[in-house]
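I have placed the structure first, in the form of structure tokens, so that the comments after it can refer back to it.
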Amino acid sequence: YPLAPELHREGIHFLGVPCGEMCVQSFVRDRDRVLLRNIVYTGALAALLDFDMAVVDELLNEKFAKKKAVLESNHKAVRLGYDFAKKHFNCPLPFSLKRLDKTSKHILIDGNTAFALGAVYAGATVGAWYPITPSTSLMDAFKMFCEQYRTTPEGEKKFIIIQAEDELAAAGMVIGANWAGARAFTSTAGPGISLMQEFIGLAYYAEVPSVFVDVQRVGPSTGMPTRTQQGDLFSCAYASHGDTKHICIYPSDPKECFEMAPVAFDLAERFQTPVFVVTDLDIGMNDWMVPRLTWDDNYKPDRGKVLTAEDLAKLEKWGRYQDTGGGIPARTLPGSGGKGAFFTRGSGHNLNAVYTEDSPEYKAVLDRIALKLRTAATAVPKPVIDGKGSEIGIVALGGTNGAVTEGVALLRAQGVACDYMRIRGFPFGGEVEAFMRGHERIFVIEQNRDAQLRAMLAIELGIPRDDMTAVLDYAGLPLTAKFVTESVAGQVAEVR
């Protein structure tokens, strides 16, 4: 099964496997002939890389246990590919897959699964969602973990997972559950964030904790749902209409997805505001080799300033939106009664939660919320900085970290001295500003067309955009170290 000559590339060996042809010959239904090509491919790959077929069979049994016909066709397809490769190629290849030892310090996991597990550890009990690529597997994993760890021996479920009729409804359910005192979240992608904007604004202004996980994909519109990008940075940071700004945290791999899950819920409740966990398809859906996940059993959720009935009894007066320090108000949960009762509204209100159209009263609330977000800049995860004292600074965030880290090492090996800062939280804290102002030349590396991170740095820190060089890769594939190295080195050489 030779490949057309124009498709050959130097240094790459092609092994032709007629997946489609074998499916047409072996299956009757059109659906099987199309969908099972990937399973045939998996079987061929299993032979070439010496997969343990018992594991492959176990995974298929686990996935399709309740669908006998589908299970049988999948087993047949995987064997077609396996047998073909064994017959036509020298198997295994000179490189093959080795089973990890049980004592290995690393595991293989995707970011969606890692965050779902972290959410369980963080105390989340409610998930509301609407299916969308590439975030659906996150709520699937949360459901799986809840059924395992949030179900009593008697079978009572201590969790609620709701598939809403649309993304806006899912956001409303999350906000309502958090308002009632639960830890709740939703997982979605860029189109979902767009549809949730009205409720996001409500949570911001009514100051209701809520967690949104945005597994970014390629936009705009439907875009390319199965490709990766960082095109929602602006959307998440300033979601909804009017003057809004939101806490965002940016994991770089599945390990940080797990570790930042409790951070997201703690920040949401501490600051009584929406928090966005901004990942991407590459992190969320692809398997990564990461150090084993660890957990501190001494962890206690930060519920923020929540007044109980006993607390309220000690107060002469309480106002829901009064500043208690750093712009953060104290809240009550439903059922507190008496002084703790207030009307939660998204319309104009004063510091005591009373409706108002009085300009100074409205402005006082909005100014206090702005102070709260400035305080949040000191609490979000701090940046990771590698190097000190170079004239050149390189800035990135999220899933680009692996490629940028390797690219920085290659640049240094070529004699280009540079420091690297990986941003992990928004609003930007003092460490981010100090790095930006401490370098003569800054390269901002990101995966979107419009240099959104560079624009955010300019808006928030007052640094002219022209003082920052944008290095942009937005074609939908994961960033490569080669692209980073060539882009930076080429522009440095031009200046010299």
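In the structure tokens, chains take letters A, B, ... by order of appearance, with residues numbered from 1 within each chain and ligands from 1 in the order shown.
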
DSSP-assigned alpha helix (DSSP H) among range 127-194 of chain A, expressed as a ChimeraX atom specification: /A:136-149,167-179,190-194

Using DSSP on the backbone coordinates, identify the residues of range 164-350 of chain A assigned to strand (DSSP E or B); present them as a PDB file with N, CA and C atoms, in the first residue's frame.
ATOM      1  N   ALA A 184     -19.799  23.999  43.395  1.00  0.00           N
ATOM      2  CA  ALA A 184     -20.321  23.562  42.109  1.00  0.00           C
ATOM      3  C   ALA A 184     -19.515  24.172  40.984  1.00  0.00           C
ATOM      4  N   PHE A 185     -19.509  23.481  39.837  1.00  0.00           N
ATOM      5  CA  PHE A 185     -18.751  23.987  38.685  1.00  0.00           C
ATOM      6  C   PHE A 185     -19.368  23.480  37.397  1.00  0.00           C
ATOM      7  N   THR A 186     -18.927  24.069  36.296  1.00  0.00           N
ATOM      8  CA  THR A 186     -19.297  23.589  34.978  1.00  0.00           C
ATOM      9  C   THR A 186     -18.053  23.503  34.123  1.00  0.00           C
ATOM     10  N   SER A 187     -18.056  22.590  33.171  1.00  0.00           N
ATOM     11  CA  SER A 187     -16.959  22.479  32.205  1.00  0.00           C
ATOM     12  C   SER A 187     -17.519  22.768  30.824  1.00  0.00           C
ATOM     13  N   THR A 188     -16.756  23.507  30.029  1.00  0.00           N
ATOM     14  CA  THR A 188     -17.242  23.896  28.711  1.00  0.00           C
ATOM     15  C   THR A 188     -16.055  24.255  27.830  1.00  0.00           C
ATOM     16  N   SER A 210     -18.439  30.821  41.903  1.00  0.00           N
ATOM     17  CA  SER A 210     -18.736  29.852  40.847  1.00  0.00           C
ATOM     18  C   SER A 210     -17.446  29.549  40.098  1.00  0.00           C
ATOM     19  N   VAL A 211     -17.331  28.315  39.625  1.00  0.00           N
ATOM     20  CA  VAL A 211     -16.124  27.871  38.926  1.00  0.00           C
ATOM     21  C   VAL A 211     -16.492  27.412  37.526  1.00  0.00           C
ATOM     22  N   PHE A 212     -15.781  27.950  36.542  1.00  0.00           N
ATOM     23  CA  PHE A 212     -15.981  27.612  35.132  1.00  0.00           C
ATOM     24  C   PHE A 212     -14.670  27.059  34.577  1.00  0.00           C
ATOM     25  N   VAL A 213     -14.719  25.878  34.006  1.00  0.00           N
ATOM     26  CA  VAL A 213     -13.534  25.296  33.374  1.00  0.00           C
ATOM     27  C   VAL A 213     -13.685  25.431  31.867  1.00  0.00           C
ATOM     28  N   ASP A 214     -12.796  26.194  31.251  1.00  0.00           N
ATOM     29  CA  ASP A 214     -12.832  26.401  29.803  1.00  0.00           C
ATOM     30  C   ASP A 214     -11.703  25.610  29.161  1.00  0.00           C
ATOM     31  N   VAL A 215     -12.052  24.513  28.512  1.00  0.00           N
ATOM     32  CA  VAL A 215     -11.074  23.722  27.769  1.00  0.00           C
ATOM     33  C   VAL A 215     -11.073  24.292  26.350  1.00  0.00           C
ATOM     34  N   GLN A 216     -10.130  25.178  26.081  1.00  0.00           N
ATOM     35  CA  GLN A 216     -10.163  25.957  24.841  1.00  0.00           C
ATOM     36  C   GLN A 216      -9.971  25.088  23.594  1.00  0.00           C
ATOM     37  N   VAL A 218     -10.205  25.572  18.950  1.00  0.00           N
ATOM     38  CA  VAL A 218      -9.980  26.573  17.909  1.00  0.00           C
ATOM     39  C   VAL A 218     -11.289  27.241  17.508  1.00  0.00           C
ATOM     40  N   MET A 224     -12.524  24.713  14.770  1.00  0.00           N
ATOM     41  CA  MET A 224     -12.070  23.332  14.645  1.00  0.00           C
ATOM     42  C   MET A 224     -12.138  22.708  16.037  1.00  0.00           C
ATOM     43  N   ILE A 247     -11.210  36.391  37.929  1.00  0.00           N
ATOM     44  CA  ILE A 247     -10.032  35.616  38.299  1.00  0.00           C
ATOM     45  C   ILE A 247      -9.886  34.463  37.306  1.00  0.00           C
ATOM     46  N   CYS A 248      -8.685  34.295  36.768  1.00  0.00           N
ATOM     47  CA  CYS A 248      -8.375  33.174  35.874  1.00  0.00           C
ATOM     48  C   CYS A 248      -7.112  32.482  36.373  1.00  0.00           C
ATOM     49  N   ILE A 249      -7.097  31.168  36.262  1.00  0.00           N
ATOM     50  CA  ILE A 249      -5.866  30.430  36.545  1.00  0.00           C
ATOM     51  C   ILE A 249      -5.564  29.540  35.354  1.00  0.00           C
ATOM     52  N   PRO A 274     -16.907  34.671  40.145  1.00  0.00           N
ATOM     53  CA  PRO A 274     -16.554  33.603  39.205  1.00  0.00           C
ATOM     54  C   PRO A 274     -15.043  33.431  39.090  1.00  0.00           C
ATOM     55  N   VAL A 275     -14.616  32.194  38.961  1.00  0.00           N
ATOM     56  CA  VAL A 275     -13.213  31.860  38.711  1.00  0.00           C
ATOM     57  C   VAL A 275     -13.161  30.957  37.493  1.00  0.00           C
ATOM     58  N   PHE A 276     -12.264  31.271  36.568  1.00  0.00           N
ATOM     59  CA  PHE A 276     -12.114  30.492  35.339  1.00  0.00           C
ATOM     60  C   PHE A 276     -10.817  29.693  35.385  1.00  0.00           C
ATOM     61  N   VAL A 277     -10.944  28.401  35.189  1.00  0.00           N
ATOM     62  CA  VAL A 277      -9.772  27.539  34.997  1.00  0.00           C
ATOM     63  C   VAL A 277      -9.621  27.382  33.496  1.00  0.00           C
ATOM     64  N   VAL A 278      -8.564  27.967  32.940  1.00  0.00           N
ATOM     65  CA  VAL A 278      -8.418  28.068  31.493  1.00  0.00           C
ATOM     66  C   VAL A 278      -7.362  27.064  31.025  1.00  0.00           C
ATOM     67  N   THR A 279      -7.831  25.957  30.457  1.00  0.00           N
ATOM     68  CA  THR A 279      -6.911  24.967  29.898  1.00  0.00           C
ATOM     69  C   THR A 279      -7.073  24.979  28.384  1.00  0.00           C
ATOM     70  N   ASP A 280      -6.741  23.891  27.729  1.00  0.00           N
ATOM     71  CA  ASP A 280      -6.951  23.790  26.283  1.00  0.00           C
ATOM     72  C   ASP A 280      -7.098  22.331  25.900  1.00  0.00           C
ATOM     73  N   ASP A 287      -3.256  12.471  26.672  1.00  0.00           N
ATOM     74  CA  ASP A 287      -2.570  11.869  27.814  1.00  0.00           C
ATOM     75  C   ASP A 287      -1.180  12.471  27.963  1.00  0.00           C
ATOM     76  N   TRP A 288      -0.816  12.818  29.185  1.00  0.00           N
ATOM     77  CA  TRP A 288       0.488  13.383  29.502  1.00  0.00           C
ATOM     78  C   TRP A 288       1.183  12.488  30.535  1.00  0.00           C
ATOM     79  N   MET A 289       2.495  12.425  30.434  1.00  0.00           N
ATOM     80  CA  MET A 289       3.285  11.780  31.477  1.00  0.00           C
ATOM     81  C   MET A 289       3.634  12.849  32.498  1.00  0.00           C
ATOM     82  N   VAL A 290       3.122  12.697  33.718  1.00  0.00           N
ATOM     83  CA  VAL A 290       3.354  13.698  34.764  1.00  0.00           C
ATOM     84  C   VAL A 290       3.743  12.984  36.058  1.00  0.00           C
ATOM     85  N   PRO A 291       4.415  13.691  36.982  1.00  0.00           N
ATOM     86  CA  PRO A 291       4.695  13.090  38.295  1.00  0.00           C
ATOM     87  C   PRO A 291       3.403  12.658  38.971  1.00  0.00           C
ATOM     88  N   VAL A 306     -18.054  33.733  55.604  1.00  0.00           N
ATOM     89  CA  VAL A 306     -19.435  33.271  55.689  1.00  0.00           C
ATOM     90  C   VAL A 306     -19.913  33.446  57.124  1.00  0.00           C
ATOM     91  N   LEU A 307     -20.957  34.216  57.309  1.00  0.00           N
ATOM     92  CA  LEU A 307     -21.487  34.477  58.642  1.00  0.00           C
ATOM     93  C   LEU A 307     -22.556  33.452  59.004  1.00  0.00           C
ATOM     94  N   ARG A 331     -20.736  37.178  53.550  1.00  0.00           N
ATOM     95  CA  ARG A 331     -21.987  36.670  53.010  1.00  0.00           C
ATOM     96  C   ARG A 331     -22.645  35.722  54.012  1.00  0.00           C
ATOM     97  N   THR A 332     -23.882  35.433  53.770  1.00  0.00           N
ATOM     98  CA  THR A 332     -24.603  34.422  54.535  1.00  0.00           C
ATOM     99  C   THR A 332     -25.137  33.385  53.561  1.00  0.00           C
ATOM    100  N   HIS A 349     -27.737  47.898  43.121  1.00  0.00           N
ATOM    101  CA  HIS A 349     -27.964  47.761  44.556  1.00  0.00           C
ATOM    102  C   HIS A 349     -26.886  48.522  45.318  1.00  0.00           C
TER     103      HIS A 349
END

Of the listed residues A:Ala470, A:Ile394, A:Ala54, A:Val78, that which approaches Leu36 in chain A most closely, counting only C-alpha atoms: A:Val78

Computed interatomic separation between CA of Lys98 in chain A and CA of Gly407 in chain A (Å): 28.1 Å

Shortest interatomic distance to Tyr238 in chain A - which of A:Pro254, A:Gly201, A:Gly219, A:Gly20, counting only C-alpha atoms: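 Answer, going by the shortest atom-to-atom distance: A:Gly201.
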
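Shortest separation to Leu195 in chain A among A:Cys418, A:Val34, A:Ala170, A:Ala182 occurs at residue A:Ala170, atoms counted being only C-alpha atoms.
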
Nearest to Gly319 in chain A by atom-to-atom distance, counting only C-alpha atoms, from A:Leu477, A:Leu15, A:Leu351, A:Leu333: A:Leu351

Spatial neighbours of Phe89 in chain A, max dist 10 Å, only C-alpha atoms, sep filter under 2 positions, as a PyMOL selection string: chain A and resi 15-16+44+47-48+84-87+91-93

Top pick for closest residue to Phe258 in chain A, considering A:Leu108, A:Val70, A:Ala116, A:Val174 and counting only C-alpha atoms: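 Among A:Leu108, A:Val70, A:Ala116, A:Val174, it is A:Ala116 that comes nearest to Phe258 in chain A.
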
For Arg217 in chain A, the nearest of the candidates A:Asp57, A:Asp419, A:Asp232, A:Glu431, counting only C-alpha atoms: A:Asp232

List the neighbours of Arg424 in chain A out to 9 Å using only C-alpha atoms; skip same-chain residues closer than 3 positions along the sequence, and give me the result as a short mmCIF file (atom, residue, chain, number, x, y, z; two decimals) with all heavy atoms, in the first residue's frame.
data_model
loop_
_atom_site.label_atom_id
_atom_site.label_comp_id
_atom_site.auth_asym_id
_atom_site.auth_seq_id
_atom_site.Cartn_x
_atom_site.Cartn_y
_atom_site.Cartn_z
N CYS A 248 -8.68 34.29 36.77
CA CYS A 248 -8.37 33.17 35.87
C CYS A 248 -7.11 32.48 36.37
O CYS A 248 -6.18 33.14 36.83
CB CYS A 248 -8.15 33.65 34.44
SG CYS A 248 -9.56 34.48 33.68
N ILE A 249 -7.10 31.17 36.26
CA ILE A 249 -5.87 30.43 36.55
C ILE A 249 -5.56 29.54 35.35
O ILE A 249 -6.46 29.04 34.68
CB ILE A 249 -5.95 29.62 37.86
CG1 ILE A 249 -7.17 28.70 37.88
CG2 ILE A 249 -5.97 30.55 39.06
CD1 ILE A 249 -7.27 27.89 39.17
N TYR A 250 -4.26 29.37 35.10
CA TYR A 250 -3.81 28.76 33.84
C TYR A 250 -2.91 27.55 34.13
O TYR A 250 -1.69 27.68 34.22
CB TYR A 250 -3.03 29.78 33.01
CG TYR A 250 -3.75 31.09 32.79
CD1 TYR A 250 -3.37 32.25 33.48
CD2 TYR A 250 -4.82 31.18 31.90
CE1 TYR A 250 -4.02 33.45 33.27
CE2 TYR A 250 -5.48 32.38 31.69
CZ TYR A 250 -5.08 33.52 32.38
OH TYR A 250 -5.72 34.72 32.17
N PRO A 251 -3.49 26.35 34.25
CA PRO A 251 -2.65 25.15 34.40
C PRO A 251 -1.84 24.90 33.14
O PRO A 251 -2.26 25.23 32.03
CB PRO A 251 -3.67 24.03 34.63
CG PRO A 251 -4.98 24.70 34.89
CD PRO A 251 -4.92 26.03 34.21
N SER A 252 -0.67 24.29 33.32
CA SER A 252 0.18 24.00 32.16
C SER A 252 0.18 22.52 31.78
O SER A 252 0.69 22.15 30.73
CB SER A 252 1.63 24.44 32.44
OG SER A 252 2.19 23.66 33.48
N VAL A 380 -3.82 34.89 43.57
CA VAL A 380 -3.79 33.90 42.49
C VAL A 380 -2.42 33.23 42.45
O VAL A 380 -1.44 33.75 43.00
CB VAL A 380 -4.10 34.56 41.13
CG1 VAL A 380 -5.49 35.18 41.13
CG2 VAL A 380 -3.05 35.60 40.76
N PRO A 381 -2.32 32.06 41.82
CA PRO A 381 -1.02 31.39 41.74
C PRO A 381 0.05 32.30 41.14
O PRO A 381 -0.18 32.97 40.13
CB PRO A 381 -1.30 30.19 40.82
CG PRO A 381 -2.76 29.90 41.03
CD PRO A 381 -3.40 31.24 41.22
N LYS A 382 1.19 32.32 41.78
CA LYS A 382 2.28 33.20 41.33
C LYS A 382 2.95 32.63 40.09
O LYS A 382 2.92 31.42 39.84
CB LYS A 382 3.30 33.38 42.46
CG LYS A 382 2.72 34.06 43.68
CD LYS A 382 3.79 34.35 44.72
CE LYS A 382 3.18 34.98 45.97
NZ LYS A 382 2.45 36.23 45.65
N PRO A 383 3.58 33.50 39.29
CA PRO A 383 4.25 33.01 38.08
C PRO A 383 5.47 32.16 38.43
O PRO A 383 6.03 32.29 39.52
CB PRO A 383 4.67 34.30 37.37
CG PRO A 383 4.82 35.30 38.48
CD PRO A 383 3.75 34.96 39.47
N VAL A 384 5.84 31.32 37.50
CA VAL A 384 7.07 30.54 37.63
C VAL A 384 8.12 31.22 36.76
O VAL A 384 7.91 31.42 35.56
CB VAL A 384 6.86 29.08 37.16
CG1 VAL A 384 8.18 28.32 37.20
CG2 VAL A 384 5.82 28.40 38.04
N LEU A 397 1.97 31.19 28.88
CA LEU A 397 1.11 30.60 29.91
C LEU A 397 0.52 29.30 29.39
O LEU A 397 0.54 28.99 28.20
CB LEU A 397 0.01 31.57 30.35
CG LEU A 397 -0.94 32.20 29.32
CD1 LEU A 397 -1.92 31.20 28.72
CD2 LEU A 397 -1.73 33.34 29.96
N GLY A 398 0.01 28.49 30.30
CA GLY A 398 -0.76 27.29 29.95
C GLY A 398 0.03 26.22 29.24
O GLY A 398 1.20 25.98 29.50
N PHE A 428 -3.04 40.07 37.14
CA PHE A 428 -1.60 39.94 37.27
C PHE A 428 -1.11 40.56 38.57
O PHE A 428 -1.49 41.66 38.94
CB PHE A 428 -0.90 40.62 36.09
CG PHE A 428 -1.34 40.11 34.75
CD1 PHE A 428 -1.77 40.99 33.76
CD2 PHE A 428 -1.34 38.76 34.46
CE1 PHE A 428 -2.19 40.53 32.52
CE2 PHE A 428 -1.75 38.27 33.23
CZ PHE A 428 -2.18 39.16 32.25
#

Distance of CA of Arg183 in chain A from CA of Ala114 in chain A, expressed in Å to one decimal place: 17.4 Å

Atom-to-atom span, CA of Thr42 in chain A and CA of Val55 in chain A, Å: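 Interatomic distance here is 12.4 Å.
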
Shell of 12 Å around Ala128 in chain A, only C-alpha atoms, local chain residues under 2 positions omitted, as a count of residues only: 41

Shell of 12 Å around Met53 in chain A, only C-alpha atoms, local chain residues under 3 positions omitted, as a PyMOL selection string: chain A and resi 42-50+56-60+75+78-79+81-83+97
